[in-house]
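Trainee: So I've got this file, target11.cif, and it contains mmCIF, C-alpha atoms:
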data_data
#
loop_
_atom_site.label_atom_id
_atom_site.label_comp_id
_atom_site.auth_asym_id
_atom_site.auth_seq_id
_atom_site.Cartn_x
_atom_site.Cartn_y
_atom_site.Cartn_z
CA MET A 20 -7.36 19.09 18.33
CA ARG A 21 -8.77 20.12 14.98
CA LYS A 22 -8.20 23.79 15.83
CA ARG A 23 -4.61 23.09 16.86
CA PHE A 24 -3.99 21.22 13.59
CA LEU A 25 -5.50 24.06 11.55
CA LEU A 26 -3.36 26.65 13.31
CA SER A 27 -0.29 24.48 12.75
CA PHE A 28 -1.09 24.10 9.04
CA ILE A 29 -1.63 27.85 8.63
CA GLY A 30 1.62 28.51 10.43
CA THR A 31 3.48 26.10 8.15
CA LEU A 32 1.94 27.69 5.07
CA LEU A 33 2.93 31.16 6.30
CA LEU A 34 6.46 29.94 6.95
CA SER A 35 6.65 28.51 3.44
CA SER A 36 5.33 31.79 2.11
CA LEU A 37 8.11 33.63 3.94
CA LEU A 38 10.60 31.27 2.32
CA LEU A 39 9.39 32.60 -0.99
CA ALA A 40 9.29 36.20 0.18
CA GLY A 41 11.47 38.19 -2.11
CA CYS A 42 10.70 35.67 -4.85
CA ASN A 43 8.51 38.18 -6.57
CA SER A 44 9.44 38.37 -10.19
CA GLY A 45 12.18 40.79 -11.10
CA ASP A 46 14.51 40.70 -8.08
CA SER A 47 17.96 42.15 -8.67
CA SER A 48 21.04 41.10 -6.78
CA GLU A 49 21.80 43.56 -3.99
CA GLY A 50 20.80 46.52 -6.13
CA SER A 51 23.74 45.93 -8.49
CA GLY A 52 21.62 45.61 -11.59
CA LYS A 53 22.54 41.94 -11.88
CA VAL A 54 19.40 39.96 -12.72
CA THR A 55 18.27 37.21 -10.36
CA LEU A 56 15.53 34.87 -11.54
CA THR A 57 13.63 33.13 -8.76
CA PHE A 58 12.77 29.48 -9.30
CA GLY A 59 10.02 28.08 -7.08
CA THR A 60 9.59 24.33 -6.78
CA SER A 61 8.58 21.50 -4.51
CA GLN A 62 11.26 19.15 -3.20
CA SER A 63 10.32 16.47 -5.71
CA GLY A 64 9.93 18.97 -8.55
CA ILE A 65 13.64 18.88 -9.40
CA PRO A 66 16.19 16.05 -9.05
CA ARG A 67 17.53 15.52 -5.55
CA THR A 68 20.97 15.05 -7.12
CA GLY A 69 21.31 18.83 -7.41
CA ILE A 70 21.97 18.73 -11.16
CA MET A 71 19.66 21.68 -11.83
CA GLN A 72 21.39 23.83 -9.22
CA THR A 73 24.82 22.87 -10.56
CA MET A 74 23.87 23.78 -14.11
CA ALA A 75 22.27 27.03 -12.92
CA LYS A 76 25.59 28.08 -11.38
CA GLU A 77 27.29 27.41 -14.70
CA TYR A 78 24.59 29.45 -16.42
CA GLU A 79 25.30 32.33 -14.06
CA GLN A 80 29.00 32.15 -14.89
CA GLU A 81 28.21 32.23 -18.61
CA THR A 82 25.53 34.94 -18.60
CA GLY A 83 25.66 36.78 -15.28
CA VAL A 84 22.03 35.81 -14.59
CA LYS A 85 21.56 34.09 -11.24
CA ILE A 86 18.91 31.42 -10.67
CA ASP A 87 17.73 31.54 -7.06
CA PHE A 88 16.08 28.22 -6.16
CA GLN A 89 13.31 28.36 -3.56
CA VAL A 90 12.56 24.75 -2.60
CA VAL A 91 9.40 24.14 -0.56
CA PRO A 92 8.30 20.85 1.08
CA ASP A 93 6.00 18.80 -1.15
CA ALA A 94 3.17 18.92 1.37
CA GLN A 95 2.92 22.73 1.15
CA TRP A 96 3.87 23.52 -2.45
CA ARG A 97 0.57 22.98 -4.27
CA ASP A 98 -1.35 25.27 -1.94
CA LEU A 99 1.45 27.82 -1.78
CA ILE A 100 1.92 28.24 -5.53
CA LYS A 101 -1.83 28.70 -5.97
CA VAL A 102 -1.72 31.52 -3.42
CA LYS A 103 1.34 33.06 -5.08
CA LEU A 104 -0.20 32.93 -8.54
CA ALA A 105 -3.48 34.40 -7.31
CA SER A 106 -1.68 37.28 -5.56
CA GLY A 107 0.66 38.05 -8.45
CA GLU A 108 3.70 37.14 -6.34
CA ALA A 109 4.78 33.94 -8.05
CA PRO A 110 8.48 33.31 -8.78
CA ASP A 111 9.91 34.11 -12.21
CA ILE A 112 10.02 30.38 -12.93
CA PHE A 113 7.77 27.91 -11.15
CA ASN A 114 7.39 24.14 -11.24
CA VAL A 115 3.92 22.60 -11.23
CA ASP A 116 2.84 18.97 -11.58
CA VAL A 117 1.11 18.62 -14.92
CA ASP A 118 -1.34 16.46 -16.80
CA PRO A 119 -3.73 17.41 -19.61
CA LEU A 120 -6.73 17.70 -17.30
CA SER A 121 -5.36 19.61 -14.32
CA MET A 122 -2.72 21.95 -15.77
CA PRO A 123 -5.16 24.62 -17.01
CA ALA A 124 -6.85 24.84 -13.60
CA ASN A 125 -3.61 24.67 -11.59
CA VAL A 126 -1.65 27.16 -13.69
CA ARG A 127 -4.29 29.28 -15.47
CA PRO A 128 -1.69 29.69 -18.23
CA GLU A 129 -3.34 32.49 -20.19
CA GLU A 130 -3.08 34.68 -17.07
CA ASN A 131 0.10 33.40 -15.50
CA ALA A 132 2.47 31.73 -17.97
CA ILE A 133 4.73 32.95 -20.77
CA ASP A 134 3.63 31.66 -24.17
CA LEU A 135 6.34 29.35 -25.50
CA THR A 136 4.55 28.22 -28.65
CA ASN A 137 6.93 29.84 -31.09
CA GLU A 138 10.09 28.77 -29.30
CA GLU A 139 12.24 26.34 -31.28
CA PHE A 140 12.60 23.91 -28.39
CA THR A 141 8.86 23.22 -28.09
CA GLY A 142 9.02 21.42 -31.43
CA ARG A 143 11.53 18.97 -29.96
CA MET A 144 9.51 17.81 -26.94
CA SER A 145 7.70 14.51 -27.36
CA GLU A 146 4.16 14.54 -28.69
CA GLU A 147 3.11 12.60 -25.59
CA ILE A 148 4.18 15.36 -23.19
CA LEU A 149 3.00 18.41 -25.19
CA PRO A 150 -0.70 18.07 -24.22
CA THR A 151 0.29 18.24 -20.55
CA VAL A 152 1.98 21.64 -20.96
CA SER A 153 -0.40 23.10 -23.56
CA TYR A 154 -3.75 24.87 -23.51
CA LYS A 155 -5.90 25.96 -26.45
CA GLU A 156 -3.16 24.96 -28.91
CA LYS A 157 -0.51 27.06 -27.18
CA VAL A 158 2.52 25.66 -25.34
CA TYR A 159 3.33 27.10 -21.92
CA GLY A 160 5.62 24.65 -20.12
CA VAL A 161 8.95 22.86 -20.36
CA SER A 162 9.25 19.34 -18.98
CA PHE A 163 12.03 16.80 -18.62
CA ALA A 164 9.68 14.09 -17.44
CA PRO A 165 9.42 10.57 -18.75
CA SER A 166 6.03 8.93 -19.08
CA LYS A 167 5.88 7.95 -15.43
CA ILE A 168 5.23 4.43 -14.16
CA TRP A 169 5.24 3.60 -10.46
CA TYR A 170 6.38 0.07 -9.65
CA VAL A 171 6.83 -1.73 -6.35
CA TYR A 172 10.58 -2.27 -5.97
CA TYR A 173 11.72 -5.14 -3.80
CA ASN A 174 14.89 -6.46 -2.22
CA LYS A 175 15.78 -9.67 -4.08
CA ARG A 176 18.05 -10.91 -1.29
CA ILE A 177 15.30 -10.68 1.33
CA PHE A 178 12.80 -12.35 -0.99
CA GLU A 179 15.21 -15.21 -1.76
CA GLU A 180 16.10 -15.76 1.88
CA LEU A 181 12.41 -16.00 2.77
CA GLY A 182 11.56 -18.13 -0.26
CA ILE A 183 8.94 -15.67 -1.52
CA GLN A 184 8.08 -14.44 -5.00
CA PRO A 185 6.72 -11.12 -6.35
CA PRO A 186 2.95 -11.21 -5.74
CA THR A 187 0.33 -11.13 -8.47
CA SER A 188 -2.69 -10.63 -6.18
CA TYR A 189 -3.51 -8.79 -2.99
CA ALA A 190 -3.74 -12.06 -1.04
CA GLU A 191 -0.18 -12.94 -2.08
CA PHE A 192 0.97 -9.39 -1.32
CA LYS A 193 -0.44 -9.64 2.18
CA ALA A 194 1.04 -13.11 2.75
CA ILE A 195 4.60 -12.16 1.79
CA SER A 196 4.35 -8.97 3.85
CA GLN A 197 3.58 -11.02 6.95
CA LYS A 198 6.63 -13.21 6.33
CA ILE A 199 8.81 -10.13 5.98
CA LYS A 200 7.36 -8.55 9.12
CA ASP A 201 8.06 -11.76 11.06
CA LYS A 202 11.76 -11.14 10.32
CA ASN A 203 11.52 -7.66 11.90
CA ILE A 204 11.86 -5.95 8.52
CA ILE A 205 9.37 -3.29 7.39
CA PRO A 206 7.48 -4.98 4.55
CA PHE A 207 6.47 -1.85 2.64
CA TYR A 208 7.80 1.70 3.02
CA GLN A 209 4.98 4.25 3.21
CA ALA A 210 5.52 8.04 3.37
CA PRO A 211 2.41 9.96 4.46
CA ALA A 212 4.36 12.96 5.77
CA SER A 213 5.18 14.05 2.21
CA GLY A 214 1.47 14.40 1.59
CA TRP A 215 1.17 12.74 -1.84
CA TYR A 216 2.89 9.36 -1.76
CA GLN A 217 0.08 7.46 -0.01
CA VAL A 218 -2.36 8.46 -2.76
CA LEU A 219 -0.53 6.64 -5.56
CA PRO A 220 -2.14 3.19 -5.09
CA LEU A 221 -5.64 4.67 -5.45
CA PHE A 222 -5.25 6.11 -8.92
CA GLU A 223 -2.15 4.54 -10.47
CA THR A 224 -4.22 1.34 -10.51
CA GLY A 225 -7.02 3.18 -12.34
CA PRO A 226 -6.56 1.19 -15.57
CA ASN A 227 -7.69 -1.83 -13.60
CA TYR A 228 -11.01 -0.09 -12.86
CA GLU A 229 -11.44 0.86 -16.51
CA GLN A 230 -10.65 -2.64 -17.76
CA ALA A 231 -13.06 -4.25 -15.33
CA THR A 232 -15.87 -1.90 -16.40
CA PRO A 233 -15.12 -0.24 -19.75
CA GLY A 234 -16.41 3.31 -19.91
CA THR A 235 -15.77 4.05 -16.23
CA TYR A 236 -13.54 7.05 -16.97
CA GLU A 237 -16.07 8.50 -19.42
CA LYS A 238 -18.95 8.11 -16.96
CA LEU A 239 -16.94 9.84 -14.25
CA ASN A 240 -16.11 12.72 -16.59
CA ASN A 241 -19.76 13.06 -17.61
CA ASN A 242 -20.90 12.95 -13.99
CA GLU A 243 -22.91 9.83 -14.75
CA MET A 244 -21.40 8.03 -11.78
CA LYS A 245 -19.68 8.97 -8.54
CA VAL A 246 -16.21 8.04 -7.37
CA ALA A 247 -17.99 6.51 -4.39
CA ASP A 248 -19.57 4.04 -6.83
CA LEU A 249 -16.14 2.58 -7.63
CA THR A 250 -16.15 -0.51 -5.45
CA GLN A 251 -12.64 -1.43 -6.63
CA LEU A 252 -11.30 1.93 -5.46
CA LYS A 253 -12.93 1.43 -2.07
CA THR A 254 -11.28 -1.99 -1.90
CA VAL A 255 -7.84 -0.45 -2.51
CA ILE A 256 -8.42 2.09 0.27
CA GLU A 257 -9.53 -0.66 2.62
CA GLN A 258 -6.44 -2.68 1.77
CA LEU A 259 -4.18 0.26 2.54
CA LYS A 260 -5.86 0.57 5.90
CA GLU A 261 -5.40 -3.15 6.50
CA PHE A 262 -1.69 -2.89 5.71
CA ALA A 263 -1.39 -0.05 8.21
CA ASP A 264 -3.32 -1.93 10.91
CA LEU A 265 -1.27 -5.09 10.41
CA GLY A 266 1.98 -3.16 10.80
CA TYR A 267 3.15 -3.71 7.24
CA PHE A 268 4.12 -0.04 6.92
CA GLY A 269 6.12 -0.24 10.14
CA LYS A 270 5.70 1.62 13.42
CA ASP A 271 5.24 5.40 13.49
CA PHE A 272 5.11 5.42 9.68
CA LEU A 273 2.92 8.56 9.59
CA SER A 274 6.07 10.68 10.00
CA ASN A 275 7.88 9.02 7.08
CA THR A 276 8.95 11.15 4.11
CA VAL A 277 9.64 10.14 0.52
CA GLU A 278 13.24 11.31 0.81
CA ALA A 279 13.91 8.92 3.71
CA GLY A 280 12.62 5.96 1.70
CA ILE A 281 15.86 5.46 -0.24
CA GLU A 282 17.78 5.18 3.03
CA ALA A 283 15.31 2.70 4.55
CA PHE A 284 15.35 0.59 1.41
CA GLY A 285 19.08 0.87 0.82
CA GLN A 286 19.89 -0.15 4.40
CA GLU A 287 17.50 -3.10 4.05
CA LYS A 288 15.27 -1.81 6.82
CA ALA A 289 12.35 -1.95 4.37
CA ALA A 290 11.86 -4.70 1.79
CA MET A 291 9.60 -2.85 -0.66
CA LEU A 292 8.77 0.70 -1.72
CA LEU A 293 7.08 2.54 -4.57
CA ARG A 294 9.44 4.13 -7.08
CA VAL A 295 9.86 4.82 -10.80
CA PRO A 296 12.18 3.17 -13.36
CA GLY A 297 15.77 4.12 -12.71
CA THR A 298 15.50 3.63 -8.96
CA GLU A 299 18.24 1.00 -9.20
CA LYS A 300 20.82 3.63 -10.14
CA GLU A 301 19.92 6.02 -7.32
CA VAL A 302 19.84 3.30 -4.66
CA SER A 303 22.97 1.44 -5.75
CA GLU A 304 25.02 4.65 -5.98
CA ALA A 305 24.16 5.45 -2.37
CA TYR A 306 24.27 1.82 -1.19
CA PRO A 307 26.65 -0.25 -3.37
CA ASP A 308 25.59 -3.51 -1.68
CA MET A 309 22.20 -3.06 -3.33
CA LYS A 310 23.61 -3.29 -6.86
CA ASP A 311 21.78 -6.03 -8.80
CA ASN A 312 19.63 -6.64 -5.72
CA MET A 313 16.45 -4.89 -6.85
CA GLY A 314 13.45 -6.23 -8.71
CA PHE A 315 10.07 -4.69 -9.48
CA PHE A 316 6.41 -5.54 -10.05
CA VAL A 317 3.13 -3.71 -10.62
CA MET A 318 1.10 -2.61 -7.62
CA PRO A 319 -1.13 -5.55 -6.67
CA TRP A 320 -3.65 -3.49 -4.71
CA GLY A 321 -7.13 -4.59 -5.76
CA ASP A 322 -5.54 -7.58 -7.59
CA ASN A 323 -4.18 -5.16 -10.19
CA GLN A 324 -1.86 -6.55 -12.86
CA THR A 325 -1.98 -3.65 -15.33
CA ILE A 326 0.83 -1.12 -15.72
CA GLY A 327 -0.46 2.39 -15.04
CA VAL A 328 1.11 5.01 -17.31
CA ASN A 329 0.99 8.74 -16.63
CA PRO A 330 1.84 10.62 -19.85
CA GLY A 331 2.62 13.80 -17.90
CA GLY A 332 4.01 12.15 -14.89
CA SER A 333 5.98 14.96 -13.29
CA ALA A 334 6.54 18.64 -12.86
CA ALA A 335 7.05 21.13 -15.67
CA MET A 336 8.68 24.58 -15.62
CA PHE A 337 6.60 27.62 -16.43
CA GLY A 338 7.77 31.18 -16.96
CA ASN A 339 5.84 33.78 -14.99
CA LYS A 340 3.97 35.99 -17.45
CA ASN A 341 4.15 38.81 -14.89
CA SER A 342 7.91 38.55 -14.42
CA LYS A 343 9.90 41.76 -14.85
CA HIS A 344 12.46 39.72 -16.77
CA PRO A 345 10.53 37.57 -19.27
CA GLU A 346 13.33 37.64 -21.84
CA GLU A 347 15.84 36.34 -19.27
CA VAL A 348 13.40 33.53 -18.43
CA LEU A 349 13.14 32.62 -22.11
CA LYS A 350 16.93 32.70 -22.51
CA PHE A 351 17.31 30.27 -19.60
CA PHE A 352 14.69 27.95 -21.10
CA ARG A 353 16.51 28.07 -24.44
CA TRP A 354 19.81 27.31 -22.75
CA ILE A 355 18.57 24.41 -20.59
CA THR A 356 16.90 22.79 -23.62
CA GLU A 357 20.00 22.77 -25.80
CA HIS A 358 20.85 19.18 -26.72
CA ASP A 359 23.98 18.87 -24.58
CA HIS A 360 22.23 20.40 -21.59
CA LEU A 361 19.23 18.07 -21.95
CA GLN A 362 21.67 15.17 -21.93
CA ARG A 363 23.25 16.46 -18.73
CA VAL A 364 19.87 16.83 -17.01
CA PHE A 365 19.06 13.25 -18.03
CA ASP A 366 22.42 11.77 -17.05
CA GLY A 367 22.66 13.73 -13.81
CA GLY A 368 19.15 13.08 -12.53
CA GLU A 369 17.87 10.42 -10.20
CA GLY A 370 18.29 7.59 -12.67
CA ASN A 371 15.25 8.08 -14.91
CA LEU A 372 15.53 5.78 -17.88
CA THR A 373 13.57 7.96 -20.30
CA ILE A 374 13.03 11.65 -20.91
CA CYS A 375 10.40 13.45 -22.97
CA TRP A 376 12.88 14.59 -25.63
CA PRO A 377 13.14 12.08 -28.50
CA GLU A 378 16.62 13.34 -29.38
CA ILE A 379 17.93 11.85 -26.11
CA GLU A 380 18.43 8.10 -26.27
CA PRO A 381 16.53 6.20 -23.54
CA LYS A 382 18.25 3.84 -21.12
CA LEU A 383 15.51 1.25 -20.63
CA THR A 384 17.00 -2.12 -19.70
CA GLN A 385 15.81 -5.41 -21.12
CA ASP A 386 14.09 -6.23 -17.81
CA TYR A 387 11.73 -3.30 -18.25
CA ILE A 388 11.22 -3.93 -21.94
CA ASP A 389 10.30 -7.58 -21.33
CA TYR A 390 8.09 -6.76 -18.36
CA GLU A 391 6.10 -4.21 -20.33
CA LYS A 392 5.66 -6.66 -23.20
CA ASN A 393 4.09 -9.17 -20.80
CA HIS A 394 1.65 -6.76 -19.12
CA GLU A 395 -1.20 -4.64 -20.37
CA LYS A 396 -0.93 -0.86 -20.00
CA GLY A 397 -3.48 1.84 -19.34
CA THR A 398 -3.70 5.52 -18.47
CA VAL A 399 -3.74 6.31 -14.76
CA MET A 400 -6.97 7.73 -13.37
CA GLN A 401 -5.67 11.18 -12.45
CA ALA A 402 -4.59 11.76 -16.07
CA ALA A 403 -7.91 10.63 -17.53
CA VAL A 404 -10.58 11.67 -15.02
CA LYS A 405 -11.37 15.30 -14.25
CA TYR A 406 -10.95 16.88 -10.82
CA ILE A 407 -8.81 14.13 -9.29
CA ASP A 408 -5.28 15.51 -9.58
CA PRO A 409 -6.07 19.03 -8.22
CA GLN A 410 -7.24 17.49 -4.93
CA TRP A 411 -4.35 15.03 -4.64
CA MET A 412 -2.91 16.54 -1.47
CA ASP A 413 -6.36 16.75 0.13
CA ILE A 414 -6.85 13.05 -0.52
CA GLY A 415 -3.45 12.48 1.06
CA LYS A 416 -4.62 14.23 4.22
CA ASP A 417 -7.78 12.12 4.26
CA LEU A 418 -5.76 8.91 3.95
CA SER A 419 -3.47 10.00 6.78
CA GLY A 420 -6.60 10.64 8.82
CA MET A 421 -7.81 7.13 8.01
CA PHE A 422 -4.47 5.63 9.07
CA ALA A 423 -4.82 7.50 12.36
CA GLY A 424 -8.36 6.16 12.85
CA ALA A 425 -10.15 9.47 12.21
CA MET A 426 -11.77 8.65 8.87
CA THR A 427 -13.35 5.71 7.05
CA PRO A 428 -12.93 4.65 3.40
CA ASP A 429 -16.53 5.71 2.70
CA GLN A 430 -15.86 9.19 4.08
CA ILE A 431 -12.77 9.51 1.90
CA LEU A 432 -14.78 8.62 -1.21
CA GLN A 433 -17.53 11.06 -0.27
CA ASN A 434 -14.94 13.82 0.21
CA ILE A 435 -13.47 13.11 -3.23
CA ASP A 436 -16.91 13.45 -4.85
CA LYS A 437 -17.67 16.59 -2.87
CA ARG A 438 -14.44 18.27 -3.96
CA ARG A 439 -14.97 17.17 -7.57
CA ALA A 440 -18.40 18.80 -7.55
CA GLU A 441 -16.98 22.01 -6.05
CA GLN A 442 -14.25 22.21 -8.70
CA ALA A 443 -16.72 21.47 -11.48
CA LYS A 444 -18.97 24.26 -10.24
CA VAL A 445 -16.12 26.78 -10.19
CA LEU A 446 -15.22 25.80 -13.77
CA LYS A 447 -18.90 25.81 -14.80
CA ASP A 448 -18.71 22.24 -16.05
CA GLU A 449 -22.00 21.55 -17.82
CA ALA A 450 -22.01 17.92 -16.66
CA TRP A 451 -22.45 19.14 -13.08
CA GLN A 452 -25.07 21.80 -13.79
#
Is it possible to give me this structure as structure tokens?

Mentor:
Amino acid sequence: MRKRFLLSFIGTLLLSSLLLAGCNSGDSSEGSGKVTLTFGTSQSGIPRTGIMQTMAKEYEQETGVKIDFQVVPDAQWRDLIKVKLASGEAPDIFNVDVDPLSMPANVRPEENAIDLTNEEFTGRMSEEILPTVSYKEKVYGVSFAPSKIWYVYYNKRIFEELGIQPPTSYAEFKAISQKIKDKNIIPFYQAPASGWYQVLPLFETGPNYEQATPGTYEKLNNNEMKVADLTQLKTVIEQLKEFADLGYFGKDFLSNTVEAGIEAFGQEKAAMLLRVPGTEKEVSEAYPDMKDNMGFFVMPWGDNQTIGVNPGGSAAMFGNKNSKHPEEVLKFFRWITEHDHLQRVFDGGEGNLTICWPEIEPKLTQDYIDYEKNHEKGTVMQAAVKYIDPQWMDIGKDLSGMFAGAMTPDQILQNIDKRRAEQAKVLKDEAWQ
């Protein structure tokens, strides 16, 4: 079974690699001399609305430079781009999830990315996002991301009909989920097939760990404690397993993808799902009956009531230092970051209410403003603790294994510590010597 899975994974990775074949930097269009810039990204790395592709076509009409998007499933992208960067075959432009701790290891910017430090547009990005795309005081990436917060979104109509309220503890979360399940509605939409979604509850609730025991993040970074020592994290993993066993994620949920979540939620097949601010716009545009029918609350796993904030939050674009057309890459970056084009990316996206460009006015509603005033905030664990984010997809596989009955919470924690130690050794981290 394990061998068959490994062969399947390798086959999928090879297929994804073939999708990016011909994405080597410097492709020309059919030998005509017309420049084509390849743009490699995961599915979730650019808006599903297609705004980036639409604007790229306009850019081609204006300049003659084509942007060839190569979109790879989320579950394969992180491994694939590492292989492409290591082999010197990365696309001219590539999207990578960023945070201040993992970006240098994931991108190796001095070797692989065009230096953008002296570009005018880097001075207009928010000070919060710059550390996530910078290394050794040089800027390498361009992001459109807001500071990301993942909330549980819920169907107000279903909650009202069942006489239930947004939970503030795990016990309440479990109780309302049972009431929803009794009505033959999936309580909570889970998406393990995308590889990363199931990991969110573990580390987005990290501020709760830090608040309970101040100094936890620092001890983890200094290798003075193990992830396996975090009893609260183990509790969250156990609660996820309990939700799966009780049927609160629905039947056959292991094949669910993030993309299908909007449909399940919009058609009221699922009562809750994890999303980011602005979800209301995306859902209500596709399913008008859902307008004004969505509320939100912080993840109550582990009795968490703190808002987890990720200052990086999302993917950033990097120019391939080894591209045969670095000036064309820079010209595209300059074009896409012009004020009017930034506004179009923001307006035409998936409903994000903020963007990391202060010149663009945010769209936060009073509901969000009031909610944030009434809850404490903290930095999510993957943005504050070393060697967590780079193994995100591996943790996702472990959690899927646990849901299938092949792993225990203790084994998952041990695997996280083992991979952290391996990464620290490669990077010659003195705390692990």

Trainee: Suppose a student applies the PyMOL selection byres ((chain A and resi 236-242) around 9) to this structure; what residues should they get, written as JSON, numbers by chain?

Mentor: {"A": [225, 228, 229, 233, 234, 235, 243, 244, 245, 246, 400, 403, 404, 405, 406, 449, 450, 451]}

Trainee: Counting all atoms listed in the file, what is within 12 Å of A:Ile100, bar same-chain residues fewer than 2 positions away, as a ChimeraX atom specification?

Mentor: /A:32,35-36,39,42-43,58-61,89-98,102-116,125-127,131,337,339

Trainee: As a check of understanding, name the residues that the PyMOL selection byres ((chain A and resi 171) around 7) selects in the supplied structure, as a list in words.

Mentor: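 On this input, the PyMOL selection byres ((chain A and resi 171) around 7) captures Trp169, Tyr170, Tyr172, Tyr173, Met291, Leu292, Leu293, Arg294, Phe315, Phe316, Val317 and Met318 of chain A.
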
Trainee: Quick one: of A:Lys155, A:Arg353, A:Lys253, A:Lys270, who's nearest to A:Ile204, counting all atoms listed in the file?

Mentor: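 Ranked by minimum distance to A:Ile204, first place goes to A:Lys270.
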
Trainee: Which residues of stretch 130-199 of chain A come within 6 Å of stretch 320-328 of chain A, and what is each one's closest atom pair and distance in Å (one decimal), counting only C-alpha atoms, sorted by chain and residue number, as JSON lines?

Mentor:
{"residue": "A:Lys167", "atom": "CA", "partner": "A:Val328", "partner_atom": "CA", "distance": 5.9}
{"residue": "A:Ile168", "atom": "CA", "partner": "A:Val328", "partner_atom": "CA", "distance": 5.2}
{"residue": "A:Ser188", "atom": "CA", "partner": "A:Asp322", "partner_atom": "CA", "distance": 4.4}
{"residue": "A:Tyr189", "atom": "CA", "partner": "A:Asp322", "partner_atom": "CA", "distance": 5.2}

Trainee: Neighbouring residues of stretch 256-265 of chain A were defined as those with any atom within 9 Å, considering all atoms listed in the file; residues of the same chain fewer than 6 positions away were excluded. Please report them as a PyMOL selection string.

Mentor: chain A and resi 189+193+196-197+207+217+220-221+272+320-321+418+421-422+427-428+431

Trainee: Expand the PyMOL selection byres ((chain A and resi 211) around 8) into the individual residues it matches in the shown file, reporting them as a compact mmCIF listing (two decimals) with C-alpha atoms, in the frame of the given file.

Mentor:
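The file below, result03.txt, is the result:
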# COMPACT_ATOMS: atom_id res chain seq x y z
CA GLN A 209 4.98 4.25 3.21
CA ALA A 210 5.52 8.04 3.37
CA ALA A 212 4.36 12.96 5.77
CA SER A 213 5.18 14.05 2.21
CA GLY A 214 1.47 14.40 1.59
CA TRP A 215 1.17 12.74 -1.84
CA TYR A 216 2.89 9.36 -1.76
CA GLN A 217 0.08 7.46 -0.01
CA PHE A 272 5.11 5.42 9.68
CA LEU A 273 2.92 8.56 9.59
CA SER A 274 6.07 10.68 10.00
CA ASN A 275 7.88 9.02 7.08
CA THR A 276 8.95 11.15 4.11
CA GLY A 415 -3.45 12.48 1.06
CA SER A 419 -3.47 10.00 6.78

Trainee: Contacts of A:Phe178 at 12 Å or less, counting only C-alpha atoms, minus same-chain residues fewer than 2 places along, as JSON, numbers by chain?

Mentor: {"A": [172, 173, 174, 175, 176, 180, 181, 182, 183, 184, 185, 186, 195, 196, 198, 199, 202, 204, 206, 287, 289, 290, 291, 312, 313, 314, 315]}

Trainee: May I have the residues within 7 Å of A:Gly368 as a PDB file with C-alpha atoms, in the coordinates of the input, using only C-alpha atoms and disregarding those fewer than 6 positions away in the same chain?

Mentor:
ATOM      1  CA  PRO A  66      16.190  16.050  -9.050  1.00  0.00           C
ATOM      2  CA  THR A  68      20.970  15.050  -7.120  1.00  0.00           C
ATOM      3  CA  ILE A  70      21.970  18.730 -11.160  1.00  0.00           C
TER       4      ILE A  70
END

Trainee: Atom CA of A:Ile281 and atom CA of A:Ile205, how far apart in Å?

Mentor: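 Here the two named atoms are 13.3 Å from each other.
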
Trainee: Counting only C-alpha atoms, which residue out of A:Glu346, A:Lys382, A:Pro319, A:Val445 sits closest to A:Glu191?

Mentor: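 The answer is A:Pro319, which sits nearest to A:Glu191.
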
Trainee: Hey, can you check how far atom CA of A:Val158 sits from atom CA of A:Asp134?

Mentor: 6.2 Å
